[in-house]
file protein_14.csv (CSV, C-alpha atoms and all ligand atoms)
chain,number,residue,atom,x,y,z
E,1,MET,CA,-81.2,106.2,78.0
E,2,SER,CA,-84.3,108.4,77.8
E,3,ASP,CA,-87.9,107.1,77.6
E,4,THR,CA,-88.4,108.6,74.1
E,5,LYS,CA,-88.7,106.0,71.3
E,6,LEU,CA,-87.1,106.6,67.9
E,7,LYS,CA,-89.6,106.3,65.0
E,8,TRP,CA,-88.5,103.9,62.3
E,9,GLY,CA,-89.5,103.3,58.7
E,10,ILE,CA,-88.3,100.3,56.7
E,11,LEU,CA,-87.4,100.9,53.1
E,12,GLY,CA,-88.0,97.6,51.2
E,13,ALA,CA,-90.0,94.4,51.7
E,14,ALA,CA,-86.8,92.4,51.9
E,15,ARG,CA,-86.6,88.9,53.3
E,16,VAL,CA,-84.2,90.0,56.1
E,17,ASN,CA,-87.2,91.8,57.6
E,18,GLU,CA,-87.9,88.4,59.1
E,19,ARG,CA,-85.2,89.3,61.6
E,20,LEU,CA,-85.2,93.1,61.6
E,21,LEU,CA,-88.9,94.0,61.6
E,22,PRO,CA,-89.6,92.1,64.9
E,23,ALA,CA,-86.3,93.5,66.3
E,24,ILE,CA,-87.5,97.2,65.7
E,25,ILE,CA,-90.8,96.3,67.4
E,26,GLU,CA,-89.0,94.6,70.3
E,27,ALA,CA,-86.3,97.2,70.8
E,28,SER,CA,-87.0,99.1,74.0
E,29,ASN,CA,-86.2,102.6,72.6
E,30,SER,CA,-87.7,102.2,69.1
E,31,GLN,CA,-91.1,102.2,67.4
E,32,LEU,CA,-91.9,100.9,63.9
E,33,VAL,CA,-94.2,103.4,62.2
E,34,ALA,CA,-94.0,102.5,58.5
E,35,ILE,CA,-92.8,100.1,55.8
E,36,ALA,CA,-92.5,100.6,52.0
E,37,SER,CA,-92.0,98.5,48.9
E,38,ARG,CA,-92.0,99.2,45.2
E,39,ARG,CA,-94.2,96.2,44.7
E,40,ALA,CA,-97.9,96.8,45.3
E,41,GLY,CA,-99.1,95.1,48.4
E,42,ALA,CA,-95.7,93.7,49.4
E,43,ALA,CA,-95.1,96.1,52.3
E,44,LYS,CA,-98.5,95.2,53.9
E,45,ALA,CA,-97.8,91.5,53.3
E,46,THR,CA,-94.4,91.7,54.9
E,47,LEU,CA,-95.8,93.5,57.9
E,48,GLU,CA,-98.5,90.9,58.4
E,49,LYS,CA,-96.0,88.1,58.0
E,50,TYR,CA,-93.4,89.4,60.5
E,51,ALA,CA,-95.3,91.6,62.9
E,52,THR,CA,-97.5,88.9,64.4
E,53,ASN,CA,-99.1,90.0,67.7
E,54,TYR,CA,-98.1,93.6,67.2
E,55,ASP,CA,-101.0,95.9,67.9
E,56,GLY,CA,-99.4,99.3,67.0
E,57,TYR,CA,-100.3,101.1,63.8
E,58,VAL,CA,-97.8,100.9,60.9
E,59,ALA,CA,-98.3,102.7,57.7
E,60,CYS,CA,-97.7,100.6,54.5
E,61,TYR,CA,-96.6,102.4,51.4
E,62,ASP,CA,-96.3,101.1,47.8
E,63,ASP,CA,-94.0,104.0,47.1
E,64,MET,CA,-90.5,104.5,48.6
E,65,ASP,CA,-90.5,108.3,48.3
E,66,ALA,CA,-93.7,108.4,50.4
E,67,LEU,CA,-91.9,106.7,53.2
E,68,ILE,CA,-88.8,108.9,52.8
E,69,ASN,CA,-90.9,112.0,53.0
E,70,ASP,CA,-93.1,110.9,55.8
E,71,LYS,CA,-92.5,113.6,58.5
E,72,ASN,CA,-93.4,111.1,61.2
E,73,ILE,CA,-90.3,109.0,60.5
E,74,GLU,CA,-86.9,109.8,62.1
E,75,ALA,CA,-84.8,106.8,61.2
E,76,ILE,CA,-84.8,104.5,58.1
E,77,TYR,CA,-83.7,100.9,58.0
E,78,CYS,CA,-82.4,100.2,54.4
E,79,PRO,CA,-82.4,96.4,53.5
E,80,MET,CA,-82.5,96.9,49.8
E,81,ALA,CA,-80.3,95.0,47.3
E,82,ASN,CA,-76.6,95.7,47.9
E,83,GLU,CA,-76.1,97.9,44.9
E,84,GLU,CA,-79.1,100.0,45.7
E,85,HIS,CA,-78.1,101.0,49.2
E,86,ALA,CA,-76.2,104.2,48.3
E,87,GLU,CA,-78.9,105.7,46.1
E,88,TRP,CA,-81.7,105.3,48.6
E,89,ALA,CA,-79.6,106.0,51.7
E,90,ILE,CA,-78.6,109.4,50.2
E,91,LYS,CA,-82.3,110.2,49.4
E,92,ALA,CA,-83.2,109.4,53.0
E,93,ILE,CA,-80.3,111.5,54.4
E,94,ASN,CA,-81.3,114.4,52.1
E,95,ALA,CA,-84.8,114.2,53.6
E,96,GLY,CA,-83.2,114.5,57.1
E,97,LYS,CA,-83.5,110.9,58.1
E,98,HIS,CA,-81.0,108.8,60.1
E,99,VAL,CA,-80.2,105.6,58.2
E,100,LEU,CA,-79.1,102.1,59.3
E,101,ILE,CA,-77.9,100.5,56.0
E,102,GLU,CA,-77.6,96.7,55.7
E,103,LYS,CA,-74.2,95.3,55.1
E,104,PRO,CA,-72.4,95.8,52.8
E,105,MET,CA,-73.0,99.6,53.1
E,106,ALA,CA,-72.2,99.8,49.3
E,107,THR,CA,-70.4,97.8,46.7
E,108,LYS,CA,-68.2,100.7,45.6
E,109,LEU,CA,-66.0,102.9,47.7
E,110,SER,CA,-67.2,105.9,45.8
E,111,ASP,CA,-70.7,105.2,46.9
E,112,ILE,CA,-69.7,105.1,50.6
E,113,ASP,CA,-67.8,108.4,50.0
E,114,ALA,CA,-71.1,109.8,48.5
E,115,ILE,CA,-73.1,108.7,51.5
E,116,GLU,CA,-70.5,110.3,53.8
E,117,VAL,CA,-70.6,113.6,51.8
E,118,ALA,CA,-74.4,113.6,52.1
E,119,VAL,CA,-74.1,113.2,55.9
E,120,LYS,CA,-71.5,116.0,56.2
E,121,LYS,CA,-73.8,118.3,54.2
E,122,ALA,CA,-76.8,117.5,56.4
E,123,ASN,CA,-74.7,118.0,59.5
E,124,ALA,CA,-73.5,121.3,58.2
E,125,ARG,CA,-77.2,122.2,58.3
E,126,LYS,CA,-77.1,121.1,62.0
E,127,GLU,CA,-79.2,118.0,61.3
E,128,ASN,CA,-76.9,115.6,63.3
E,129,ILE,CA,-77.6,112.6,61.0
E,130,CYS,CA,-76.4,109.2,62.1
E,131,VAL,CA,-75.6,106.5,59.5
E,132,MET,CA,-74.2,103.1,60.3
E,133,GLU,CA,-73.6,99.8,58.4
E,134,GLY,CA,-75.7,97.0,59.8
E,135,PHE,CA,-73.3,94.4,61.2
E,136,MET,CA,-75.6,93.1,63.8
E,137,TYR,CA,-73.2,90.4,65.0
E,138,ARG,CA,-71.0,93.1,66.5
E,139,PHE,CA,-73.7,93.8,69.2
E,140,HIS,CA,-73.7,90.3,70.6
E,141,PRO,CA,-72.1,90.2,74.1
E,142,GLN,CA,-70.2,87.0,73.2
E,143,HIS,CA,-67.5,89.0,71.3
E,144,ALA,CA,-66.8,91.2,74.4
E,145,ARG,CA,-66.2,88.0,76.3
E,146,VAL,CA,-63.8,86.8,73.5
E,147,VAL,CA,-61.9,90.1,73.9
E,148,GLU,CA,-61.6,89.5,77.6
E,149,ILE,CA,-60.2,86.0,77.1
E,150,VAL,CA,-57.7,87.1,74.5
E,151,LYS,CA,-56.7,90.1,76.7
E,152,SER,CA,-56.0,87.7,79.6
E,153,GLY,CA,-53.1,86.4,77.5
E,154,VAL,CA,-54.2,82.7,77.7
E,155,ILE,CA,-53.9,82.2,73.9
E,156,GLY,CA,-50.9,84.5,73.5
E,157,ASP,CA,-50.3,86.8,70.5
E,158,ILE,CA,-52.9,86.5,67.7
E,159,LEU,CA,-51.2,85.0,64.6
E,160,SER,CA,-54.1,83.4,62.7
E,161,VAL,CA,-57.9,84.0,62.4
E,162,ARG,CA,-60.3,81.7,60.5
E,163,SER,CA,-63.9,82.6,59.8
E,164,SER,CA,-66.4,80.1,58.2
E,165,PHE,CA,-69.9,81.0,57.1
E,166,SER,CA,-71.9,78.5,55.1
E,167,PHE,CA,-75.4,77.2,54.6
E,168,LEU,CA,-77.3,75.3,51.9
E,169,MET,CA,-79.1,77.8,49.8
E,170,ARG,CA,-82.7,76.8,49.2
E,171,GLU,CA,-84.2,76.8,45.7
E,172,ALA,CA,-86.5,79.7,46.5
E,173,ARG,CA,-83.5,81.9,47.4
E,174,MET,CA,-81.5,81.2,44.2
E,175,TYR,CA,-82.4,84.6,42.8
E,176,ARG,CA,-79.8,86.0,45.2
E,177,ILE,CA,-77.1,84.4,43.1
E,178,ASN,CA,-78.5,85.3,39.6
E,179,ARG,CA,-76.2,88.2,39.0
E,180,ALA,CA,-72.4,88.5,38.7
E,181,MET,CA,-70.1,89.5,41.6
E,182,SER,CA,-69.4,92.7,39.6
E,183,GLN,CA,-73.1,93.6,40.0
E,184,GLY,CA,-73.3,92.9,43.7
E,185,GLY,CA,-74.3,89.3,43.5
E,186,GLY,CA,-72.8,86.1,45.0
E,187,ALA,CA,-71.5,84.8,48.3
E,188,LEU,CA,-68.7,87.4,48.8
E,189,TRP,CA,-71.1,90.3,48.7
E,190,ASP,CA,-73.7,88.4,50.7
E,191,ILE,CA,-72.0,86.5,53.6
E,192,GLY,CA,-68.4,87.6,52.7
E,193,PRO,CA,-68.9,91.0,54.5
E,194,TYR,CA,-69.3,89.2,57.8
E,195,ALA,CA,-66.4,86.7,57.3
E,196,ILE,CA,-64.0,89.5,56.3
E,197,HIS,CA,-65.2,91.9,58.9
E,198,THR,CA,-64.5,89.3,61.6
E,199,LEU,CA,-60.9,88.8,60.4
E,200,ARG,CA,-60.3,92.6,60.5
E,201,TRP,CA,-61.9,93.0,63.9
E,202,ALA,CA,-60.0,90.1,65.5
E,203,PHE,CA,-56.6,91.3,64.3
E,204,GLY,CA,-57.5,95.0,64.8
E,205,LEU,CA,-55.6,95.6,61.6
E,206,GLU,CA,-56.2,96.1,57.9
E,207,PRO,CA,-55.0,93.4,55.4
E,208,LYS,CA,-52.1,94.2,53.0
E,209,SER,CA,-53.0,91.7,50.3
E,210,VAL,CA,-55.4,88.8,49.6
E,211,ILE,CA,-55.5,85.6,47.5
E,212,ALA,CA,-58.8,83.9,46.9
E,213,HIS,CA,-60.3,81.1,45.0
E,214,ALA,CA,-64.0,80.8,44.0
E,215,LYS,CA,-66.5,78.6,42.3
E,216,LEU,CA,-68.6,80.8,40.0
E,217,ASN,CA,-72.1,79.8,38.7
E,218,GLU,CA,-73.4,80.5,35.2
E,219,HIS,CA,-74.2,84.1,36.1
E,220,GLY,CA,-70.7,84.9,37.4
E,221,ALA,CA,-71.8,84.9,41.0
E,222,ASP,CA,-69.5,83.0,43.5
E,223,VAL,CA,-71.2,80.2,45.3
E,224,VAL,CA,-68.1,79.1,47.2
E,225,THR,CA,-65.1,81.2,48.0
E,226,SER,CA,-62.0,80.7,50.2
E,227,GLY,CA,-59.4,83.3,50.7
E,228,ILE,CA,-56.3,84.2,52.7
E,229,LEU,CA,-55.7,87.8,53.8
E,230,ASP,CA,-52.2,88.8,54.8
E,231,PHE,CA,-52.2,91.2,57.8
E,232,GLY,CA,-48.5,91.6,57.8
E,233,ASN,CA,-45.8,90.1,60.0
E,234,ASP,CA,-45.8,91.0,63.7
E,235,ALA,CA,-42.9,92.6,65.7
E,236,LYS,CA,-41.3,89.1,66.0
E,237,ASN,CA,-41.5,88.6,62.2
E,238,ARG,CA,-44.3,86.0,62.5
E,239,ALA,CA,-46.9,85.8,59.7
E,240,ARG,CA,-50.4,87.0,60.5
E,241,PHE,CA,-52.9,85.4,58.1
E,242,GLY,CA,-56.7,85.6,58.1
E,243,HIS,CA,-58.6,82.7,56.4
E,244,PHE,CA,-62.2,83.0,55.3
E,245,ASP,CA,-64.3,80.2,53.9
E,246,ILE,CA,-67.9,80.9,52.7
E,247,SER,CA,-70.3,78.7,50.8
E,248,PHE,CA,-73.9,78.4,49.7
E,249,GLU,CA,-73.4,74.7,49.0
E,250,ARG,CA,-72.6,73.3,52.4
E,251,SER,CA,-74.2,72.6,55.8
E,252,ARG,CA,-74.5,75.5,58.3
E,253,LYS,CA,-71.2,76.8,59.8
E,254,SER,CA,-71.2,80.1,61.5
E,255,GLU,CA,-67.9,80.4,63.5
E,256,TYR,CA,-64.5,81.9,63.9
E,257,GLU,CA,-61.3,80.7,65.5
E,258,ILE,CA,-58.4,82.8,66.8
E,259,ILE,CA,-55.0,81.0,67.0
E,260,GLY,CA,-52.3,82.5,69.1
E,261,ASP,CA,-48.7,81.5,69.9
E,262,LYS,CA,-49.9,79.8,73.1
E,263,GLY,CA,-53.4,78.5,72.3
E,264,TRP,CA,-56.6,78.9,70.4
E,265,LEU,CA,-60.1,80.1,70.9
E,266,LYS,CA,-63.3,79.3,69.0
E,267,CYS,CA,-66.6,81.2,68.9
E,268,HIS,CA,-69.1,78.6,67.7
E,269,THR,CA,-72.3,80.5,66.7
E,270,VAL,CA,-71.4,83.9,65.3
E,271,TRP,CA,-73.9,85.1,62.7
E,272,ALA,CA,-76.4,83.3,64.8
E,273,PHE,CA,-80.2,83.0,65.1
E,274,ASP,CA,-81.6,84.3,68.4
E,275,LYS,CA,-82.2,80.9,69.9
E,276,ASP,CA,-78.7,79.6,69.4
E,277,VAL,CA,-76.8,79.2,72.6
E,278,PRO,CA,-73.5,81.1,72.3
E,279,VAL,CA,-70.5,78.8,73.1
E,280,ILE,CA,-66.9,79.9,73.3
E,281,SER,CA,-64.2,77.2,73.8
E,282,TRP,CA,-60.4,77.5,74.1
E,283,GLY,CA,-57.3,75.4,74.7
E,284,THR,CA,-53.6,75.9,75.2
E,285,ASP,CA,-50.4,74.0,74.3
E,286,ALA,CA,-49.9,73.6,78.0
E,287,GLY,CA,-53.0,71.4,78.2
E,288,GLU,CA,-55.5,73.9,79.7
E,289,SER,CA,-58.9,74.2,78.2
E,290,GLY,CA,-62.3,75.8,78.8
E,291,GLU,CA,-65.8,76.0,77.4
E,292,GLU,CA,-68.3,78.7,78.3
E,293,LYS,CA,-72.0,78.8,77.4
E,294,LEU,CA,-73.4,82.3,77.4
E,295,ALA,CA,-77.1,83.4,77.7
E,296,PRO,CA,-78.7,83.7,74.3
E,297,ALA,CA,-79.0,87.3,73.0
E,298,ASN,CA,-80.8,88.8,70.0
E,299,HIS,CA,-78.1,90.8,68.3
E,300,PHE,CA,-80.7,92.3,65.9
E,301,VAL,CA,-82.5,93.9,68.8
E,302,LEU,CA,-79.2,95.0,70.4
E,303,GLU,CA,-78.2,96.6,67.1
E,304,ILE,CA,-81.4,98.6,66.8
E,305,GLU,CA,-81.2,99.7,70.4
E,306,HIS,CA,-77.7,100.9,69.9
E,307,PHE,CA,-78.6,102.9,66.8
E,308,SER,CA,-81.6,104.4,68.4
E,309,ASP,CA,-79.6,105.3,71.5
E,310,CYS,CA,-76.9,107.0,69.3
E,311,VAL,CA,-79.6,109.1,67.6
E,312,LEU,CA,-81.7,109.9,70.7
E,313,ASN,CA,-78.7,110.7,72.9
E,314,ASN,CA,-76.3,112.2,70.3
E,315,LYS,CA,-73.7,109.5,70.7
E,316,PRO,CA,-71.2,108.2,68.0
E,317,THR,CA,-72.1,104.9,66.4
E,318,HIS,CA,-70.0,101.9,67.2
E,319,LEU,CA,-69.4,101.2,63.5
E,320,THR,CA,-67.9,104.0,61.5
E,321,PHE,CA,-67.5,105.1,57.8
E,322,ASP,CA,-63.8,104.3,58.0
E,323,ASP,CA,-64.7,100.7,59.0
E,324,ALA,CA,-67.3,100.4,56.2
E,325,LYS,CA,-64.7,101.7,53.6
E,326,ALA,CA,-62.0,99.3,54.9
E,327,ASN,CA,-64.3,96.3,54.7
E,328,CYS,CA,-65.5,97.3,51.2
E,329,ALA,CA,-61.8,97.6,50.1
E,330,ALA,CA,-61.0,94.2,51.5
E,331,LEU,CA,-64.1,92.7,49.8
E,332,GLN,CA,-63.3,94.4,46.4
E,333,ALA,CA,-59.7,93.0,46.6
E,334,SER,CA,-61.1,89.5,47.5
E,335,ILE,CA,-63.5,89.7,44.6
E,336,HIS,CA,-60.8,90.8,42.2
E,337,ALA,CA,-58.5,87.9,43.4
E,338,ALA,CA,-61.4,85.4,43.3
E,339,SER,CA,-62.4,86.3,39.8
E,340,ARG,CA,-58.8,85.8,38.6
E,341,GLY,CA,-58.2,82.8,40.8
E,342,ALA,CA,-55.2,84.6,42.1
L,1,LIG,N1,-78.2,91.3,58.8
L,1,LIG,C1,-78.5,90.1,58.3
L,1,LIG,O1,-78.6,89.1,59.0
L,1,LIG,C2,-78.8,90.0,56.8
L,1,LIG,C3,-79.4,88.8,56.3
L,1,LIG,C4,-79.7,88.7,55.0
L,1,LIG,C5,-79.5,89.8,54.1
L,1,LIG,N2,-78.9,90.9,54.6
L,1,LIG,C6,-78.7,92.1,53.8
L,1,LIG,O2,-80.0,92.7,53.7
L,1,LIG,C7,-80.2,93.3,52.4
L,1,LIG,C8,-81.4,92.6,51.8
L,1,LIG,O3,-81.2,91.2,51.7
L,1,LIG,P1,-82.4,90.2,51.4
L,1,LIG,O4,-81.8,88.9,51.1
L,1,LIG,O5,-83.4,90.3,52.5
L,1,LIG,O6,-82.9,90.8,50.1
L,1,LIG,P2,-84.2,90.5,49.2
L,1,LIG,O7,-85.2,89.7,49.9
L,1,LIG,O8,-83.7,90.1,47.9
L,1,LIG,O9,-84.8,92.0,49.1
L,1,LIG,C9,-84.0,93.1,48.5
L,1,LIG,C10,-84.9,94.1,47.9
L,1,LIG,O10,-85.4,93.4,46.7
L,1,LIG,C11,-86.8,93.7,46.6
L,1,LIG,N3,-87.5,92.3,46.6
L,1,LIG,C12,-87.6,91.5,47.6
L,1,LIG,N4,-88.3,90.4,47.2
L,1,LIG,C13,-88.5,90.5,45.9
L,1,LIG,C14,-89.1,89.7,44.9
L,1,LIG,N5,-89.7,88.6,45.2
L,1,LIG,N6,-89.2,90.2,43.7
L,1,LIG,C15,-88.7,91.4,43.4
L,1,LIG,N7,-88.1,92.2,44.3
L,1,LIG,C16,-88.0,91.8,45.5
L,1,LIG,C17,-87.2,94.5,47.8
L,1,LIG,O11,-87.5,95.8,47.4
L,1,LIG,P3,-89.0,96.2,47.1
L,1,LIG,O12,-89.8,95.8,48.3
L,1,LIG,O13,-89.0,97.7,46.9
L,1,LIG,O14,-89.4,95.5,45.9
L,1,LIG,C18,-86.1,94.4,48.7
L,1,LIG,O15,-85.8,95.6,49.4
L,1,LIG,C19,-78.9,93.0,51.6
L,1,LIG,O16,-78.1,94.1,51.7
L,1,LIG,C20,-78.3,91.8,52.4
L,1,LIG,O17,-76.9,91.8,52.3
L,1,LIG,C21,-78.6,91.0,56.0
call {"tool": "encode", "arguments": {"input": "protein_14.csv", "output": "structure tokens"}}
result
Amino acid sequence: MSDTKLKWGILGAARVNERLLPAIIEASNSQLVAIASRRAGAAKATLEKYATNYDGYVACYDDMDALINDKNIEAIYCPMANEEHAEWAIKAINAGKHVLIEKPMATKLSDIDAIEVAVKKANARKENICVMEGFMYRFHPQHARVVEIVKSGVIGDILSVRSSFSFLMREARMYRINRAMSQGGGALWDIGPYAIHTLRWAFGLEPKSVIAHAKLNEHGADVVTSGILDFGNDAKNRARFGHFDISFERSRKSEYEIIGDKGWLKCHTVWAFDKDVPVISWGTDAGESGEEKLAPANHFVLEIEHFSDCVLNNKPTHLTFDDAKANCAALQASIHAASRGA
């Protein structure tokens, strides 16, 4: 990795900046140079709130286009509302910026296609633009350890994966569920991307069909959804199902479990906060068991360092457009099923 730091701007005074803004500052190969919001004073207030003890200069814009056209900025982090990602990412790409787009990359497949077309056009002009969907959890080392344990054969062939993500939504955050699923609102578009991404990642396959059941609020946003994705039978004709369970009404759960034909494995703190101690436990039908505590890691910082490294050293990003499209398709199918209770 070179000593050069990638210069970042943040497009939007979103709450998630609580995690990402300090991560951009902390990342060894990155430098925060600007933040923008459409609300007067919000960019500066966000910077002051989350960049405590930072002594570098950061420009604060009350105008998104000013940030996009700032020649000093090389990469943009886009944490805008889900349904706004595509429009603003495309503007940024057209201005020659690399873009890390929060999950979900978009709520429509056609929007992801449009982002990809913008990147292809920019790259035809030799601009070498990097775009990636922001699944920070993929950069936590605990998942590489999970892969090692699974590859050792101790739990056998993977036949079932369960992912659970829930927390009690505070009153102040209720505005996140004040619009219908069809407009990008609700649990499936918010925490569902992680739960479904995890199932697809663990199987290394795409689902063939989904059934889901949801509780909708008065706005048509789901506040609790459970679903089963069918990943098709294996070579021995055994069913492979992925189960997800997400909720804004329950206590905090942030875990996945992989069940094989010999045993099971559980990753206990997946979409974790940086101070959580990662724990992986496993057991077999033969009576063996194990538990490993790993060193805490900040997956937000690791995500930013990965993206900056890809841009600075012309490497492919770990997460691809094909992955973003497959996740979006699985989410759309789950939303369709949940809205029909089918
Ligand atoms: N990776 C993670 O751990 C994680 C966690 C949470 C969310 N996310 C993702 O990050 C994105 C942003 O989520 P979020 O929950 O942080 O969104 P949010 O706080 O609702 O902010 C989204 C956008 O709405 C505007 N906004 C923020 N507060 C507002 C307010 N009080 N009144 C009016 N507008 C306001 C901001 O744009 P302006 O500044 O221009 O007004 C902001 O860019 C989403 O795509 C979400 O899925 C990721």
call {"tool": "closest_atom_pairs", "arguments": {"input": "protein_14.csv", "of": "chain E", "to": "ligand LIG 1 (chain L)", "cutoff": "6 Å", "atoms": "only C-alpha atoms and all ligand atoms", "output": "Markdown table"}}
result
| residue | atom | partner | partner_atom | distance |
| --- | --- | --- | --- | --- |
| E:Gly12 | CA | L:LIG1 | O15 | 3.5 |
| E:Ala13 | CA | L:LIG1 | O12 | 3.7 |
| E:Ala14 | CA | L:LIG1 | O9 | 3.5 |
| E:Arg15 | CA | L:LIG1 | O5 | 3.6 |
| E:Val16 | CA | L:LIG1 | O5 | 3.7 |
| E:Ser37 | CA | L:LIG1 | O12 | 3.5 |
| E:Arg38 | CA | L:LIG1 | O13 | 3.8 |
| E:Arg39 | CA | L:LIG1 | O14 | 5.0 |
| E:Pro79 | CA | L:LIG1 | C7 | 4.0 |
| E:Met80 | CA | L:LIG1 | O15 | 3.6 |
| E:Ala81 | CA | L:LIG1 | C9 | 4.3 |
| E:Asn82 | CA | L:LIG1 | O16 | 4.4 |
| E:Glu102 | CA | L:LIG1 | O16 | 4.8 |
| E:Lys103 | CA | L:LIG1 | O17 | 5.2 |
| E:Met136 | CA | L:LIG1 | N1 | 5.9 |
| E:Asp190 | CA | L:LIG1 | O17 | 4.9 |
call {"tool": "residues_around", "arguments": {"input": "protein_14.csv", "residues": "E:Pro141", "least_positions_apart": "5", "cutoff": "12 Å", "atoms": "all atoms listed in the file", "output": "PyMOL selection string"}}
result
chain E and resi 136+146-148+267+270+278-280+293-299+302-303
call {"tool": "closest_atom_pairs", "arguments": {"input": "protein_14.csv", "of": "stretch 119-145 of chain E", "to": "stretch 199-216 of chain E", "cutoff": "12 Å", "atoms": "all atoms listed in the file", "output": "tab-separated table"}}
result
residue	atom	partner	partner_atom	distance
E:Phe135	CA	E:Trp201	CA	11.8
E:Tyr137	CA	E:Trp201	CA	11.6
E:Arg138	CA	E:Trp201	CA	9.5
E:His143	CA	E:Ala202	CA	9.5
E:Ala144	CA	E:Ala202	CA	11.3
call {"tool": "closest_residue", "arguments": {"input": "protein_14.csv", "among": "E:Ala239, E:Asp63, E:His219, E:Ser30", "to": "E:Ala42", "atoms": "all atoms listed in the file"}}
result
E:Asp63
call {"tool": "atom_distance", "arguments": {"input": "protein_14.csv", "atom1": "atom CA of E:Val58", "atom2": "atom CA of E:Asn17"}}
result
14.4 Å
call {"tool": "closest_residue", "arguments": {"input": "protein_14.csv", "among": "E:Ser339, E:Thr320, E:Gln31, E:Thr198", "to": "E:Tyr57", "atoms": "all atoms listed in the file"}}
result
E:Gln31
call {"tool": "residues_around", "arguments": {"input": "protein_14.csv", "residues": "E:Ala187", "least_positions_apart": "6", "cutoff": "7 Å", "atoms": "all atoms listed in the file", "output": "CSV table (one decimal) with C-alpha atoms, in the frame of the given file"}}
result
chain,number,residue,atom,x,y,z
E,222,ASP,CA,-69.5,83.0,43.5
E,223,VAL,CA,-71.2,80.2,45.3
E,224,VAL,CA,-68.1,79.1,47.2
E,246,ILE,CA,-67.9,80.9,52.7
E,247,SER,CA,-70.3,78.7,50.8
E,248,PHE,CA,-73.9,78.4,49.7
call {"tool": "closest_residue", "arguments": {"input": "protein_14.csv", "among": "E:Gly290, E:Gly56, E:Gly242, E:Gly232", "to": "E:Trp264", "atoms": "only C-alpha atoms"}}
result
E:Gly290
call {"tool": "closest_residue", "arguments": {"input": "protein_14.csv", "among": "E:Thr107, E:His318, E:Glu218, E:Ile259", "to": "E:Glu84", "atoms": "all atoms listed in the file"}}
result
E:Thr107
call {"tool": "closest_residue", "arguments": {"input": "protein_14.csv", "among": "E:Lys44, E:Lys97, E:Lys325, E:Lys253", "to": "E:Gly9", "atoms": "all atoms listed in the file"}}
result
E:Lys97
call {"tool": "closest_residue", "arguments": {"input": "protein_14.csv", "among": "E:Glu291, E:Glu48, E:Glu87, E:Asp245", "to": "E:Phe167", "atoms": "all atoms listed in the file"}}
result
E:Asp245
call {"tool": "atom_distance", "arguments": {"input": "protein_14.csv", "atom1": "atom CA of E:Ile93", "atom2": "atom CA of E:Gly192"}}
result
26.8 Å
call {"tool": "atom_distance", "arguments": {"input": "protein_14.csv", "atom1": "atom CA of E:Ala45", "atom2": "atom CA of E:Leu67"}}
result
16.3 Å
call {"tool": "residues_around", "arguments": {"input": "protein_14.csv", "residues": "E:Ala118", "least_positions_apart": "2", "cutoff": "10 Å", "atoms": "only C-alpha atoms", "output": "MDAnalysis selection string"}}
result
chainID E and resid 89:94 112:116 120:124 129
call {"tool": "build_atoms", "arguments": {"input": "protein_14.csv", "residues": "stretch 96-107 of chain E", "atoms": "N, CA and C atoms", "output": "mmCIF file, keeping the file's coordinate frame"}}
result
data_model
loop_
_atom_site.group_PDB
_atom_site.id
_atom_site.type_symbol
_atom_site.label_atom_id
_atom_site.label_comp_id
_atom_site.auth_asym_id
_atom_site.auth_seq_id
_atom_site.Cartn_x
_atom_site.Cartn_y
_atom_site.Cartn_z
ATOM 1 N N GLY E 96 -83.434 114.292 55.683
ATOM 2 C CA GLY E 96 -83.200 114.500 57.100
ATOM 3 C C GLY E 96 -83.419 113.288 57.988
ATOM 4 N N LYS E 97 -83.309 112.094 57.364
ATOM 5 C CA LYS E 97 -83.500 110.900 58.100
ATOM 6 C C LYS E 97 -82.133 110.257 58.527
ATOM 7 N N HIS E 98 -82.100 109.615 59.684
ATOM 8 C CA HIS E 98 -81.000 108.800 60.100
ATOM 9 C C HIS E 98 -81.134 107.451 59.344
ATOM 10 N N VAL E 99 -80.016 106.805 58.992
ATOM 11 C CA VAL E 99 -80.200 105.600 58.200
ATOM 12 C C VAL E 99 -79.247 104.455 58.714
ATOM 13 N N LEU E 100 -79.877 103.316 58.983
ATOM 14 C CA LEU E 100 -79.100 102.100 59.300
ATOM 15 C C LEU E 100 -79.146 101.302 57.947
ATOM 16 N N ILE E 101 -77.954 101.144 57.354
ATOM 17 C CA ILE E 101 -77.900 100.500 56.000
ATOM 18 C C ILE E 101 -77.365 99.083 56.204
ATOM 19 N N GLU E 102 -78.083 98.130 55.622
ATOM 20 C CA GLU E 102 -77.600 96.700 55.700
ATOM 21 C C GLU E 102 -76.228 96.587 55.152
ATOM 22 N N LYS E 103 -75.542 95.568 55.624
ATOM 23 C CA LYS E 103 -74.200 95.300 55.100
ATOM 24 C C LYS E 103 -74.375 94.642 53.699
ATOM 25 N N PRO E 104 -73.489 94.854 52.756
ATOM 26 C CA PRO E 104 -72.400 95.800 52.800
ATOM 27 C C PRO E 104 -73.007 97.237 52.581
ATOM 28 N N MET E 105 -72.415 98.247 53.222
ATOM 29 C CA MET E 105 -73.000 99.600 53.100
ATOM 30 C C MET E 105 -73.136 99.936 51.600
ATOM 31 N N ALA E 106 -72.144 99.565 50.802
ATOM 32 C CA ALA E 106 -72.200 99.800 49.300
ATOM 33 C C ALA E 106 -71.223 98.799 48.705
ATOM 34 N N THR E 107 -71.333 98.644 47.389
ATOM 35 C CA THR E 107 -70.400 97.800 46.700
ATOM 36 C C THR E 107 -69.265 98.535 46.033
#
